[in-house]
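> After the structure tokens below, expect a handful of questions from me.
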Amino acid sequence: MEKYNHQKIEEKWQERWTKEKLYEHKDEPEKKKYYVLDMFPYPSGDGLHMGHTESYTASDIIYRFKKMQGYDVLHPQGFDSFGLPAENYAVKTGIHPEKTTKKNTDNYLRQMKMLGLGHDLKNLIYTSDPSYYKWTQYIFGKFFQNGLVERKMDKINWCPSCQTSIANEQVVDGRCERCKTKIEQKEVLGWFFKITDFAEDLINDLDKLDWPESTKKNQKNWIGRSEGSLLKFPIFNFQFSNDEKIYAGKKNKIGEITVFTTRPDTLFGVTYLVVAPEHSLIENEKIRIKNYDEVEKYVRQAKNKTERERIENKEKTGVELKGIKAINPANGEEVPIFVADYVLGEYGTGAIMAVPAHDNRDYEFAKKFKLKIKKVISGKNISEEIYTGEGKLINSGKFDGMESEKAKKKITEFVGGEITSNYRLRDWSVSRQRYWGCPIPIVYSPEGEAKFVGEENLPWLLPKDVDFTPTGESPLKKSKELKERTEKLFGQNWIPEVDTLDTFVDSSWYFLRYPDTKNEKEFCAPEKLKRWLPVDLYIGGAEHTYLHLLYARFFIKALKKIGLIDFDEPFLKLRHQGMVLDKNGVKMSKSKGNVVNPDEMVSKFGADATRMYMMFAGPLEDDVMWNEEGVKGVYRFLEKVWNLFQNYKLVLNSEEQISKELSFLLNKTIKGVTEDIEELKFNTAISKLMIFINNIKNKKLSKTVIEKFLILLAPFAPHISEELWERMRNKKLIFLEKWPTYDPELIKEETIEMVVQINGKVRDRIEASVNISDEEAKKLAISSEKTQKYISGKKIKKVIFVAGRLVNIVIE
RNA sequence: GCCGCGGUGGUGGAAUUGGUAGACACGAGGGACUUAAAAUCCCUUAGAUGAAAAUCUGUGCGGGUUCAAGUCCCGCUCGCGGCACCA
């Protein structure tokens with residue numbers, strides 16, 4: 001008997017499939033379409049990791065399954081190939097990112113083939129390729145022309161030593177992750193996409209998506225809608241007599257502060273206002289603020305902190321703006337105004353009304369600065385002076401006795417405020433002071449006016465004459481070619497934009513390109529968009545919940561608004577894969593030295609076993625603990641299958657008649673496996689395949705039984721299935737076969753094991769007809785010997801019959 | 001602190017969505033084959049009591065709803081992930 005040689009089989013079929021162009025997509029318009037999409041990888045030097053292996057295997061299973069079910073399936077792949085690591089590598093080694101990228105993507109492609117992944121390699125996408133980023137720039141231009149892009153000040157983390165901007169993620173304890181230098185905050189002018197314009201739709205449309213509930217909830221919270229009111233507080237300048245503490249009374253109104261509050265019902269309890277360090281009031285009232293030096297110092301300190309530092313500082317800090325006061329519009333009371341960094345410039349209006357009696361943070365602040373605390377809502381306090389819930393109003397003039405809910409509206413009306421929604425979501429800053437990214441297709445006139453370079457000038461190429469050593473300025477600024485190009489096209493003294501786009505821009509629309517990757521006239525032909533979009537199934541990590549998935553949704557909504565597409569959500573169904581941990585449940589990382597890579601696993605166990613174990617270890621969305629002991633289990637299973645079916649002659653009986661029992665088992669397996677794959681429950685699908693094999697020993701098999709089983713196995717373990725399929729003397733590839741269907745008649749059971757419970761405890765099991773009547777079942781249950789033991793002499797209160805399952809006898 | 005997810009045998013996990021808890025697999029123990037080992041095959045494997053039949057207990061903890069709870073509700077607790085003074 002021939003031994004199962006995974007290496008030989010896998011290499012053979014990977015070559016054959018390529019040769020026979022199995023994965024190359026050909027339009028089959030008569031079939032129903034199915035678009036299954038992977039989150040394309042960033043091609044790092046480390047190659048594919050096990051997380052990719054897991055999610056790509058999952059989508060590959062769906063691809064093969066749907067294809068055999070008769071769908072026209074699009075299963076593309078590409079690379080998110082712009083990005084920082086390649087640039088950093090270039091700084092270190094002088095090797096151009098283009099070269100690194102090519103090397104890495106080639107390695108990824110080799111690994112994907114090695115795993116038996118069936119992507120259409122004739123339609124790959126590289127986001128760093130001009131033929132792709134031409135359309136990223138085209139879309140940017142469309143957004144620009146339609147008012148969805150805006151240029152404003154942005155705050156970035158700046159490392160003075162590395163001379164570069166640093167992502168939040170790379171700031172550790174306020175210091176640069178790499179060189180440990182203290183990070184500064186720097187203000188730069190940058191481009192923003194107005195994602196906040198779509199906040200409402202981004203929340204509401206989540207309801208129509210088949211996405212994990214947790215992901216939808218998280219996105220909702222991230223966008224963070226809150227209902228509240230905008231209220232205006234007039235501000236006055238106070239004239240003081242000689243003594244600072246005695247002022248002559250309110251004189252001139254100098255303006256007003258608008259606050260956003262979710263609790264307008266507590267307006268009467270306001271005892272001070274707070275503005276964020278960024279608030280324009282401070283700069284505007286410079287002359288009137290008597291302690292401006294102190295205020296300015298505080299503001300400077302606050303602004304220089306990173307976002308995280310500002311937040312981590314639990315102790316409340318702040319400075320009163322002396323010389324000006326605000327008036328509570330509800331009761332005319334004078335209240336002091338503070339600047340404090342617990343109020344954020346970017347949220348709401350950057351100013352709050354403080355109600356220390358009913359808000360935790362205001363309370364802490366008031367305690368520290370010895371400010372008045374005025375209770376205006378009656379409610380049960382839990383061990384503290386503050387009550388943050390709603391209730392009946394007190395100390396609120398004519399609103400006393402009113403419920404919070406109603407008072408919110410009435411008080412807002414009373415002071416001429418406006419009821420509104422506010423979002424936590426911020427506009428998306430897309431400018432990066434980097435080289436290896438998509439150039440922003442903008443040029444500036446000598447007067448400084450920004451202009452889109454125009455579709456005729458796309459792709460607006462990334463210049464090559466650039467030294468990427470960081471100097472504190474965008475690398476493209478050093479390109480002579482870019483400058484000359486700009487002047488040649490637009491005139492003397494025109495200057496190019498030198499920032500590049502956030503790589504999330506590249507990945508926000510790539511799935512629109514796949515159906516038409518070679519199109520030079522459009523990012524995708526309208527009829528192809530119509531046929532293929534939206535994506536039917538998207539598989540990828542949950543870490544993309546907030547950025548990528550939200551940005552892609554925004555792109556679709558923006559493109560629809562502009563009229564370039566006619567659907568409003570990109571991904572109808574979304575599933576996540578879990579993390580791959582080591583066998584002790586610890587995250588894999590280079591520093592811990594516990595990283596397992598696909599190359600190693602495939603050479604040891606083969607692609608089929610590696611794929612199958614990933615899928616068998618647990619539900620797709622759960623974390624997988626990579627345990628080689630566990631891989632053995634599926635390997636043994638494959639060996640068993642191999643040994644059983646490798647020889648056509650040994651396997652077959654001359655007669656095709658198979659037992660009732662076997663056809664029952666086969667049909668049940670077909671049903672179960674089909675339904676499980678449909679729901680991406682691959683672990684239980686595989687267990688059903690195992691059960692089938694465990695139960696066919698000593699049974700007479702036929703060609704069709706074995707073939708049907710092989711087709712069921714094929715999406716999970718494509719190589720071995722194809723090999724055995726060929727050995728069954730089939731000429732056509734297994735993946736061109738039809739997915740088997742089952743006969744519902746053949747899996748009907750005639751008898752069941754009916755459980756008899758007494759007070760909910762199982763006391764007996766009786767063989768009964770599936771169609772047993774209520775009355776008969778109860779009679780049978782009560783008359784059983786075992787049951788009698790428990791119920792004799794007791795009074796039966798109630799008997800419950802659940803068809804096809806059980807009888808529960810309730811006794812006293 | 002807030003948000004999300006979760007806690008089932010020695011281990012990974014299953015459970016028709018309120019109806020037989022522990023499918024499938026790993027590991028472990030025993031046996032067969034072998035001079036021996038590996039591989040393979042067969043049996044046992046939630047815990048307790050028991051020679052056995054059997055009985056009781058059991059899905060993080062405490063309550064509740066129900067004829068019936070791993071599944072639903074309330075209160076805790078522990079673990080993981082994310083976000084962070086969001087007014």
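Just remember, in the structure tokens the first chain shown is A, the second B, etc., residues are 1-based per chain, and ligands are 1-based in the order shown.
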Mind dumping a table of every chain B residue within 6 Å of chain A, with the nearest atom pair and its distance in Å to one decimal, using only C-alpha atoms (C1' of nucleotides), sorted by chain and rising number, as JSON lines?

{"residue": "B:G4", "atom": "C1'", "partner": "A:Ser214", "partner_atom": "CA", "distance": 6.0}
{"residue": "B:C24", "atom": "C1'", "partner": "A:Ser687", "partner_atom": "CA", "distance": 4.7}
{"residue": "B:C26", "atom": "C1'", "partner": "A:Gly630", "partner_atom": "CA", "distance": 5.3}
{"residue": "B:A68", "atom": "C1'", "partner": "A:Gly760", "partner_atom": "CA", "distance": 5.4}
{"residue": "B:C85", "atom": "C1'", "partner": "A:Tyr342", "partner_atom": "CA", "distance": 5.2}
{"residue": "B:A87", "atom": "C1'", "partner": "A:Thr261", "partner_atom": "CA", "distance": 5.6}
> If we count only C-alpha atoms (C1' of nucleotides) and set the cut-off at 10 Å, which residues sit around U59 of chain B, ignoring sequence neighbours fewer than 2 positions away in its own chain? Please answer as a list of chain:residue names.
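Neighbouring residues, sequence-local ones excluded: B:G7, B:U8, B:A21, B:G22, B:G70.
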> Would you save the residues from that selection as a compact mmCIF listing (two decimals), in the first residue's frame, using N, CA and C atoms (P, O5', C5', C4', C3', O3' and C1' of nucleotides)?

# COMPACT_ATOMS: atom_id res chain seq x y z
P G B 7 -18.63 30.91 27.39
O5' G B 7 -17.61 30.63 28.58
C5' G B 7 -16.34 30.05 28.29
C4' G B 7 -15.51 30.00 29.56
C3' G B 7 -16.04 29.04 30.61
O3' G B 7 -14.96 28.34 31.19
C1' G B 7 -15.85 31.22 31.52
P U B 8 -14.54 26.92 30.55
O5' U B 8 -15.88 26.09 30.56
C5' U B 8 -16.50 25.76 31.80
C4' U B 8 -17.42 24.60 31.60
C3' U B 8 -16.73 23.28 31.28
O3' U B 8 -16.36 22.62 32.48
C1' U B 8 -18.54 23.62 29.78
P A B 21 -29.35 15.33 30.34
O5' A B 21 -28.12 16.22 29.88
C5' A B 21 -26.90 15.58 29.60
C4' A B 21 -26.16 16.37 28.57
C3' A B 21 -24.80 15.79 28.22
O3' A B 21 -24.95 14.87 27.15
C1' A B 21 -24.58 18.09 28.76
P G B 22 -23.96 13.66 26.96
O5' G B 22 -22.59 14.35 26.62
C5' G B 22 -22.41 15.10 25.41
C4' G B 22 -21.03 15.71 25.44
C3' G B 22 -19.93 14.69 25.57
O3' G B 22 -19.52 14.38 24.25
C1' G B 22 -19.61 16.52 27.10
P G B 70 -28.57 23.41 32.64
O5' G B 70 -27.24 24.02 32.01
C5' G B 70 -26.49 24.97 32.75
C4' G B 70 -25.62 25.77 31.82
C3' G B 70 -26.37 26.82 31.01
O3' G B 70 -26.47 28.01 31.73
C1' G B 70 -24.97 25.54 29.58
> What lies within 9 Å of His719 of chain A using only C-alpha atoms (C1' of nucleotides), ignoring chain neighbours under 2 positions off, as an MDAnalysis selection string?
chainID A and resid 6 9:14 116 607:608 714 717 721:724
> Got a sec: who's within 9 Å of segment 39-54 of chain B, counting only C-alpha atoms (C1' of nucleotides), leaving out chain neighbours fewer than 6 positions off, as a list in words?
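Answer for this query is G9, G22, A28, G29, G30, G31, A32 and C33 of chain B.
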> Using the selection just defined, write its residues with N, CA, C and O atoms (P, O5', C5', C4', C3', O3' and C1' of nucleotides) as a PDB file, in the first residue's frame.

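again38.pdb written:
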ATOM      1  P     G B   9     -14.823  22.376  32.752  1.00  0.00           P
ATOM      2  O5'   G B   9     -14.582  21.080  31.846  1.00  0.00           O
ATOM      3  C5'   G B   9     -13.391  20.410  31.956  1.00  0.00           C
ATOM      4  C4'   G B   9     -13.623  19.057  32.622  1.00  0.00           C
ATOM      5  C3'   G B   9     -12.348  18.228  32.709  1.00  0.00           C
ATOM      6  O3'   G B   9     -12.390  17.458  33.898  1.00  0.00           O
ATOM      7  C1'   G B   9     -13.968  17.085  31.436  1.00  0.00           C
ATOM      8  P     G B  22     -23.962  13.659  26.963  1.00  0.00           P
ATOM      9  O5'   G B  22     -22.588  14.353  26.624  1.00  0.00           O
ATOM     10  C5'   G B  22     -22.405  15.096  25.406  1.00  0.00           C
ATOM     11  C4'   G B  22     -21.035  15.713  25.443  1.00  0.00           C
ATOM     12  C3'   G B  22     -19.925  14.691  25.571  1.00  0.00           C
ATOM     13  O3'   G B  22     -19.520  14.384  24.251  1.00  0.00           O
ATOM     14  C1'   G B  22     -19.606  16.522  27.095  1.00  0.00           C
ATOM     15  P     A B  28      -0.153  10.722  26.077  1.00  0.00           P
ATOM     16  O5'   A B  28      -1.039  10.252  27.317  1.00  0.00           O
ATOM     17  C5'   A B  28      -0.830  10.821  28.605  1.00  0.00           C
ATOM     18  C4'   A B  28      -1.846  10.280  29.575  1.00  0.00           C
ATOM     19  C3'   A B  28      -1.902   8.755  29.680  1.00  0.00           C
ATOM     20  O3'   A B  28      -0.889   8.248  30.517  1.00  0.00           O
ATOM     21  C1'   A B  28      -4.089   9.605  29.484  1.00  0.00           C
ATOM     22  P     G B  29      -0.270   6.818  30.186  1.00  0.00           P
ATOM     23  O5'   G B  29      -1.420   5.820  30.651  1.00  0.00           O
ATOM     24  C5'   G B  29      -1.771   5.742  32.028  1.00  0.00           C
ATOM     25  C4'   G B  29      -2.956   4.827  32.203  1.00  0.00           C
ATOM     26  C3'   G B  29      -2.830   3.448  31.572  1.00  0.00           C
ATOM     27  O3'   G B  29      -2.061   2.568  32.356  1.00  0.00           O
ATOM     28  C1'   G B  29      -4.937   4.336  31.040  1.00  0.00           C
ATOM     29  P     G B  30      -1.206   1.486  31.616  1.00  0.00           P
ATOM     30  O5'   G B  30      -2.309   0.452  31.087  1.00  0.00           O
ATOM     31  C5'   G B  30      -3.013  -0.353  32.024  1.00  0.00           C
ATOM     32  C4'   G B  30      -4.117  -1.102  31.332  1.00  0.00           C
ATOM     33  C3'   G B  30      -3.694  -2.041  30.213  1.00  0.00           C
ATOM     34  O3'   G B  30      -3.155  -3.257  30.682  1.00  0.00           O
ATOM     35  C1'   G B  30      -5.566  -0.805  29.519  1.00  0.00           C
ATOM     36  P     G B  31      -1.998  -3.933  29.817  1.00  0.00           P
ATOM     37  O5'   G B  31      -2.790  -4.514  28.565  1.00  0.00           O
ATOM     38  C5'   G B  31      -3.671  -5.615  28.717  1.00  0.00           C
ATOM     39  C4'   G B  31      -4.494  -5.802  27.489  1.00  0.00           C
ATOM     40  C3'   G B  31      -3.760  -6.274  26.244  1.00  0.00           C
ATOM     41  O3'   G B  31      -3.466  -7.648  26.266  1.00  0.00           O
ATOM     42  C1'   G B  31      -5.276  -4.552  25.670  1.00  0.00           C
ATOM     43  P     A B  32      -2.210  -8.207  25.422  1.00  0.00           P
ATOM     44  O5'   A B  32      -2.699  -8.063  23.916  1.00  0.00           O
ATOM     45  C5'   A B  32      -3.746  -8.897  23.420  1.00  0.00           C
ATOM     46  C4'   A B  32      -3.997  -8.605  21.968  1.00  0.00           C
ATOM     47  C3'   A B  32      -2.788  -8.762  21.055  1.00  0.00           C
ATOM     48  O3'   A B  32      -2.584 -10.114  20.676  1.00  0.00           O
ATOM     49  C1'   A B  32      -3.883  -6.727  20.575  1.00  0.00           C
ATOM     50  P     C B  33      -1.111 -10.687  20.556  1.00  0.00           P
ATOM     51  O5'   C B  33      -0.565  -9.938  19.266  1.00  0.00           O
ATOM     52  C5'   C B  33      -1.130 -10.201  17.976  1.00  0.00           C
ATOM     53  C4'   C B  33      -0.542  -9.239  16.962  1.00  0.00           C
ATOM     54  C3'   C B  33       0.980  -9.215  16.921  1.00  0.00           C
ATOM     55  O3'   C B  33       1.499 -10.258  16.116  1.00  0.00           O
ATOM     56  C1'   C B  33       0.150  -6.993  16.960  1.00  0.00           C
TER      57        C B  33
END
> Where does DSSP see strand (DSSP E or B) in segment 600-795 of chain A, if you list the residues as a ChimeraX atom specification?
/A:624-625,751-758,761-769
> Extract, using only C-alpha atoms (C1' of nucleotides), all DNA, RNA and protein residues at most 8 Å from Gly78 of chain A, discarding same-chain residues fewer than 2 positions from it, and format them as a PDB file with N, CA and C atoms, in the first residue's frame.

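Printed below is around.pdb as written:
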ATOM      1  N   PHE A  40      -6.981  42.076   2.093  1.00  0.00           N
ATOM      2  CA  PHE A  40      -5.672  41.866   1.479  1.00  0.00           C
ATOM      3  C   PHE A  40      -4.568  42.252   2.457  1.00  0.00           C
ATOM      4  N   PRO A  41      -3.432  41.547   2.353  1.00  0.00           N
ATOM      5  CA  PRO A  41      -2.395  41.730   3.361  1.00  0.00           C
ATOM      6  C   PRO A  41      -1.467  42.903   3.047  1.00  0.00           C
ATOM      7  N   PRO A  76     -10.703  37.127  -5.333  1.00  0.00           N
ATOM      8  CA  PRO A  76      -9.476  37.801  -5.747  1.00  0.00           C
ATOM      9  C   PRO A  76      -8.502  38.016  -4.598  1.00  0.00           C
ATOM     10  N   ASP A  80      -1.796  45.398  -0.051  1.00  0.00           N
ATOM     11  CA  ASP A  80      -1.871  46.753   0.462  1.00  0.00           C
ATOM     12  C   ASP A  80      -0.425  47.224   0.571  1.00  0.00           C
ATOM     13  N   LEU A 124      -4.462  40.329  -9.818  1.00  0.00           N
ATOM     14  CA  LEU A 124      -3.923  40.846  -8.557  1.00  0.00           C
ATOM     15  C   LEU A 124      -3.949  42.374  -8.536  1.00  0.00           C
ATOM     16  N   ILE A 125      -4.006  42.894  -7.324  1.00  0.00           N
ATOM     17  CA  ILE A 125      -3.947  44.349  -7.158  1.00  0.00           C
ATOM     18  C   ILE A 125      -2.756  44.682  -6.271  1.00  0.00           C
ATOM     19  N   TYR A 126      -2.015  45.711  -6.674  1.00  0.00           N
ATOM     20  CA  TYR A 126      -0.968  46.260  -5.808  1.00  0.00           C
ATOM     21  C   TYR A 126      -1.301  47.730  -5.627  1.00  0.00           C
TER      22      TYR A 126
END
> Tell me, which residues of segment 358-388 of chain A carry DSSP helix (DSSP H, G or I), written as a ChimeraX atom specification?
/A:360-369
> Write a file of the selected residues as a PDB file, in the first residue's frame, keeping C-alpha atoms.

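What landed in again-v9.pdb:
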ATOM      1  CA  ASN A 360     -18.653  62.824  38.236  1.00  0.00           C
ATOM      2  CA  ARG A 361     -15.898  64.783  36.551  1.00  0.00           C
ATOM      3  CA  ASP A 362     -17.478  68.145  37.271  1.00  0.00           C
ATOM      4  CA  TYR A 363     -17.836  67.038  40.849  1.00  0.00           C
ATOM      5  CA  GLU A 364     -14.173  66.132  41.201  1.00  0.00           C
ATOM      6  CA  PHE A 365     -13.158  69.419  39.657  1.00  0.00           C
ATOM      7  CA  ALA A 366     -15.515  71.415  41.860  1.00  0.00           C
ATOM      8  CA  LYS A 367     -14.193  69.701  44.964  1.00  0.00           C
ATOM      9  CA  LYS A 368     -10.623  70.493  44.052  1.00  0.00           C
ATOM     10  CA  PHE A 369     -11.310  74.148  43.245  1.00  0.00           C
TER      11      PHE A 369
END
> What is the distance, in Å and to one decimal place, between atom CA of Lys738 of chain A and atom CA of Tyr71 of chain A?
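Value for the atom CA of Lys738 of chain A-atom CA of Tyr71 of chain A distance: 10.5 Å.
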> In Å, how far is it from atom CA of Lys67 of chain A to atom CA of Glu707 of chain A?
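Calculated distance between atom CA of Lys67 of chain A and atom CA of Glu707 of chain A is 17.1 Å.
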> With only C-alpha atoms (C1' of nucleotides) as the counted atoms, please give the residues lying no more than 7 Å from Ser508 of chain A, apart from itself and same-chain residues fewer than 2 positions off, as a PyMOL selection string.
chain A and resi 504-506+510+548+551-552+555
> Atom CA of Glu20 of chain A and atom CA of Pro598 of chain A are how many Å apart?
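Spanning atom CA of Glu20 of chain A to atom CA of Pro598 of chain A is a straight-line distance of 25.5 Å.
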> Residues near segment 140-151 of chain A, anyone? I mean within 12 Å using only C-alpha atoms (C1' of nucleotides), not counting same-chain ones fewer than 4 positions away, as a VMD selection string.
chain A and resid 133 to 136 188 to 198 427 to 431 438 to 443 449 to 460 497 500 to 502 505 to 506 508 to 509 554 to 564
